[in-house]
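Colleague: Quick one: this structure, given as structure tokens, is what I'll be asking you about.
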Amino acid sequence: MSERVRIFDTTLRDGEQSAGVCFQPEDKVEIASLLAEMGVDVIEAGFPASSAGERRAVAQVARSVRGTVICGLARAVLDDVEAAAEALADAEAPRIHVFVNASDMQIDRQLRKSRRDVVGMVDAAVRRARRATDDVEFSPMDATRADPEFLAEVVRTALAAGATTINIPDTVGYILPVKLEQLFRDLRRRVPEVEGAVLSFHGQDDLGLATANAVAAVGAGARQIEVAVNGIGERAGNTAFEEVVMALRIHGEALGVHTGVDPEGIYRVSRCVEDRSGMPVPPNKPIVGRNAFRHASGIHQDGVLKWRETYELIDPKTIGHPTGTEIVLGKLSGRAGFAERARQLGFALDEAGLDRAFVRFQSVAETQRAVGDEEVMAICRGAAA
Ligand code: KIV
């Protein structure tokens, strides 16, 4: 039987931690509304204790966006939890996400507290959050570099205090997929009561492993994955929303899981986040990059023209792509791609005409990155004459 993996989107919180990004409250409402329409399970709207403006923005999302859980982040300190509870007061389904440093390096060097202090903070903050809402997530930050026994202890404490989701953050994008699977299995063995909560994974992409780690986490029992649209987020970013949704769609049967997200809104939400964040999507970005459905080399063009799936994993319609598969003519393009574009542009060249046109096309393509429609038309006119 297929199990549901919840999609927790943190574009508006960790995504906004990208250097240079500043969402306005109306941007947050717009992006959250698109995500809610797509069936995203949880939307982390922000970090209410960070400023009065952020508190107001989270409250605006909580008031305006329905049909999904709205979450606010809080350090494991009572003032933060109270700020989150206040900002989420009008949410249909509020979640408070409590986090604390869990690796010794971060506890000693940043927090400058003891392990005992941390356990006490988790207990008090999660209990306070539970008085505000039944839906409390706990994250032991830097879990993948933490001592496994201490990790188990803070998770036990959070569960006893009432946490309903336990999220394992790979805060600096350090872990390998195979090690992450071991970590999840080890945690489940040490803390059997974690089975009563939802296990979650939050990945950063410092080594480019975030999506692979998310899929490995699902294989090891995670039933919530934290993501951001276009993979934006602190430093190299977060696990990309679109990559996880499509990877779980394509491999869902093998993994025995599915998500509740309708992928048809992916293109639209990606463009909206690109625009509102001011962070351009790289052309080669999986799923949402400009080149994701463009074919430039002769062999690939020939294959795609004969049968799309020969060189295209995803049907662009699935993600609501407005133009779909595209043949881009350039230096490495072949006769089949050129002939098809000539035909699309209305030229019915005979074989000899096509030969002449293709020779001319190749000499033009040698010296430039792409050959546009105007040039193709001029070449075809010349060859037809
Ligand atoms: O990267 C991280 O560890 C986080 C946690 C708060 C989940 O963002």
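Naming works like this for the structure tokens: A, B, ... for the chains as they're shown, residue 1 at the start of each chain, ligands 1 onward in shown order.
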Excluding A:Ala240 and any residue of its chain fewer than 6 positions from it, enumerate the residues within 9 Å of it, using only C-alpha atoms, and give them as a ChimeraX atom specification.

Modeller: /A:205,210-211,226-232

Colleague: Could you write those residues out with N, CA and C atoms, as a compact mmCIF listing (two decimals), in the first residue's frame?

Modeller:
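Resulting contents of result10.txt:
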```
# COMPACT_ATOMS: atom_id res chain seq x y z
N ASP A 205 21.77 22.10 0.36
CA ASP A 205 22.34 21.56 -0.87
C ASP A 205 23.83 21.88 -1.06
N ALA A 210 21.07 17.29 -1.81
CA ALA A 210 19.82 17.45 -1.04
C ALA A 210 18.69 16.56 -1.55
N THR A 211 18.49 16.51 -2.85
CA THR A 211 17.37 15.70 -3.36
C THR A 211 17.66 14.21 -3.17
N GLU A 226 11.09 18.46 3.69
CA GLU A 226 11.06 19.92 3.68
C GLU A 226 11.78 20.42 2.43
N VAL A 227 11.15 21.36 1.76
CA VAL A 227 11.64 21.78 0.44
C VAL A 227 11.44 23.29 0.25
N ALA A 228 12.08 23.84 -0.76
CA ALA A 228 11.82 25.23 -1.16
C ALA A 228 11.74 25.27 -2.68
N VAL A 229 10.84 26.10 -3.18
CA VAL A 229 10.66 26.22 -4.63
C VAL A 229 11.96 26.75 -5.26
N ASN A 230 12.37 26.16 -6.36
CA ASN A 230 13.61 26.50 -7.08
C ASN A 230 14.84 26.20 -6.24
N GLY A 231 14.65 25.51 -5.11
CA GLY A 231 15.80 25.15 -4.26
C GLY A 231 16.44 26.35 -3.58
N ILE A 232 15.69 27.47 -3.44
CA ILE A 232 16.33 28.64 -2.81
C ILE A 232 16.49 28.40 -1.31
```

Colleague: Please identify every polymer residue within 10 Å of ligand 1, using only C-alpha atoms and all ligand atoms, and present the set as number ranges by chain.

Modeller: A: 10, 13-15, 17, 47, 73-75, 97-102, 137-144, 167-173, 200-204, 226, 233-234, 237-238

Colleague: Run DSSP on the backbone of this structure and report the residues of stretch 128-353 of chain A it assigns to strand (DSSP E or B), as number ranges by chain.

Modeller: A: 136-141, 165-170, 198-204, 224-228, 238, 240, 257-258, 294-295, 326-327

Colleague: Within 8 Å of A:Gly256, counting only C-alpha atoms, which residues show up once you throw out same-chain ones fewer than 2 positions away? Write them as a compact mmCIF listing (two decimals) with C-alpha atoms, in the first residue's frame, please.

Modeller:
```txt
# COMPACT_ATOMS: atom_id res chain seq x y z
CA MET A 1 0.00 0.00 0.00
CA SER A 2 1.29 3.44 -0.94
CA GLU A 3 1.96 5.81 1.97
CA GLY A 252 6.75 6.56 -5.99
CA GLU A 253 5.73 3.05 -6.91
CA ALA A 254 9.19 1.64 -6.21
CA HIS A 258 3.01 9.26 -3.07
```

Colleague: Quick one: pick out all helix (DSSP H, G or I) residues within stretch 30-60 of chain A from a backbone DSSP run and write them as a PyMOL selection string.

Modeller: chain A and resi 30-38+48-50+52-60

Colleague: Which neighbours of A:Asp117 fall inside 12 Å, counting only C-alpha atoms, when residues of the same chain fewer than 5 positions from it are skipped, and could you give them as a list in words?

Modeller: Ala76, Val77, Val100, Asn101, Ala102, Ile107, Asp108, Leu111, Arg112, Val122, Asp123, Ala124 and Val154 of chain A

Colleague: Write a file of the just-selected residues containing N, CA, C and O atoms, as a compact mmCIF listing (two decimals), in the first residue's frame.

Modeller:
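part25.txt, written as the output of this step:
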```txt
# COMPACT_ATOMS: atom_id res chain seq x y z
N ALA A 76 14.10 27.34 20.54
CA ALA A 76 13.55 26.69 21.75
C ALA A 76 13.64 27.64 22.94
O ALA A 76 14.27 27.34 23.96
N VAL A 77 13.01 28.80 22.76
CA VAL A 77 12.92 29.76 23.86
C VAL A 77 11.47 30.25 23.92
O VAL A 77 10.81 30.38 22.89
N VAL A 100 16.45 23.62 17.94
CA VAL A 100 17.59 23.95 18.81
C VAL A 100 18.84 23.27 18.26
O VAL A 100 18.73 22.23 17.59
N ASN A 101 19.99 23.85 18.53
CA ASN A 101 21.25 23.24 18.10
C ASN A 101 21.42 21.90 18.81
O ASN A 101 21.21 21.81 20.01
N ALA A 102 21.87 20.89 18.05
CA ALA A 102 22.01 19.56 18.67
C ALA A 102 23.40 18.96 18.53
O ALA A 102 23.72 17.98 19.21
N ILE A 107 26.45 23.48 20.01
CA ILE A 107 26.06 23.74 21.41
C ILE A 107 27.19 24.48 22.14
O ILE A 107 26.96 25.48 22.83
N ASP A 108 28.44 24.00 21.94
CA ASP A 108 29.58 24.61 22.65
C ASP A 108 29.94 25.97 22.07
O ASP A 108 30.08 26.95 22.78
N LEU A 111 25.94 28.23 20.87
CA LEU A 111 24.95 28.43 21.94
C LEU A 111 25.63 28.72 23.29
O LEU A 111 25.09 29.44 24.12
N ARG A 112 26.84 28.14 23.44
CA ARG A 112 27.61 28.27 24.69
C ARG A 112 26.79 27.83 25.90
O ARG A 112 26.68 28.53 26.91
N VAL A 122 14.43 22.25 25.23
CA VAL A 122 13.52 21.52 24.34
C VAL A 122 12.24 21.18 25.10
O VAL A 122 11.12 21.41 24.61
N ASP A 123 12.40 20.66 26.30
CA ASP A 123 11.24 20.26 27.09
C ASP A 123 10.31 21.46 27.30
O ASP A 123 9.11 21.38 27.02
N ALA A 124 10.87 22.58 27.76
CA ALA A 124 10.03 23.75 28.09
C ALA A 124 9.38 24.33 26.83
O ALA A 124 8.19 24.64 26.83
N VAL A 154 17.50 14.11 22.77
CA VAL A 154 16.66 15.30 22.55
C VAL A 154 15.36 14.93 21.84
O VAL A 154 14.31 15.51 22.12
```

Colleague: With a distance cut-off of 12 Å and only C-alpha atoms, select the neighbouring residues of A:Glu274, excluding the residue or stretch itself and same-chain residues fewer than 3 positions from it, and output the selection as a PDB file with C-alpha atoms, in the first residue's frame.

Modeller:
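Now in selection.pdb:
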```pdb
ATOM      1  CA  THR A  11      10.289  28.843   0.577  1.00  0.00           C
ATOM      2  CA  GLY A  15      14.001  30.252   1.180  1.00  0.00           C
ATOM      3  CA  GLU A  16      13.913  33.840   2.382  1.00  0.00           C
ATOM      4  CA  VAL A  21      15.910  37.870  -0.789  1.00  0.00           C
ATOM      5  CA  PHE A  23       9.587  38.821   0.409  1.00  0.00           C
ATOM      6  CA  ASP A  27       4.479  38.022  -1.969  1.00  0.00           C
ATOM      7  CA  ILE A  31       3.255  32.178  -3.054  1.00  0.00           C
ATOM      8  CA  ALA A 228      11.818  25.229  -1.158  1.00  0.00           C
ATOM      9  CA  VAL A 229      10.662  26.222  -4.635  1.00  0.00           C
ATOM     10  CA  ASN A 230      13.610  26.496  -7.081  1.00  0.00           C
ATOM     11  CA  GLY A 231      15.797  25.154  -4.256  1.00  0.00           C
ATOM     12  CA  ILE A 232      16.333  28.637  -2.814  1.00  0.00           C
ATOM     13  CA  TYR A 267       6.041  25.915 -13.579  1.00  0.00           C
ATOM     14  CA  ARG A 268       3.777  28.735 -12.410  1.00  0.00           C
ATOM     15  CA  VAL A 269       4.956  28.732  -8.792  1.00  0.00           C
ATOM     16  CA  SER A 270       8.586  28.487  -9.931  1.00  0.00           C
ATOM     17  CA  ARG A 271       8.230  31.600 -12.112  1.00  0.00           C
ATOM     18  CA  SER A 277      12.688  36.572  -4.887  1.00  0.00           C
ATOM     19  CA  GLY A 278      14.777  38.172  -7.640  1.00  0.00           C
ATOM     20  CA  MET A 279      16.788  34.939  -7.821  1.00  0.00           C
ATOM     21  CA  PRO A 280      17.037  33.801 -11.462  1.00  0.00           C
ATOM     22  CA  VAL A 281      16.548  30.076 -12.065  1.00  0.00           C
ATOM     23  CA  PRO A 282      19.720  28.679 -13.712  1.00  0.00           C
ATOM     24  CA  VAL A 288      12.143  24.362 -14.026  1.00  0.00           C
ATOM     25  CA  GLY A 289      15.289  25.604 -15.809  1.00  0.00           C
TER      26      GLY A 289
END
```

Colleague: Mind checking which residues fall within 12 Å of A:Lys306, counting only C-alpha atoms, ignoring those fewer than 6 positions away in the same chain, and posting them as a ChimeraX atom specification?

Modeller: /A:299-300,312,336-337,340

Colleague: From the list A:Val136, A:Leu180, A:Val359, A:Val244, which residue is nearest A:Gly334 when using only C-alpha atoms?

Modeller: A:Val359
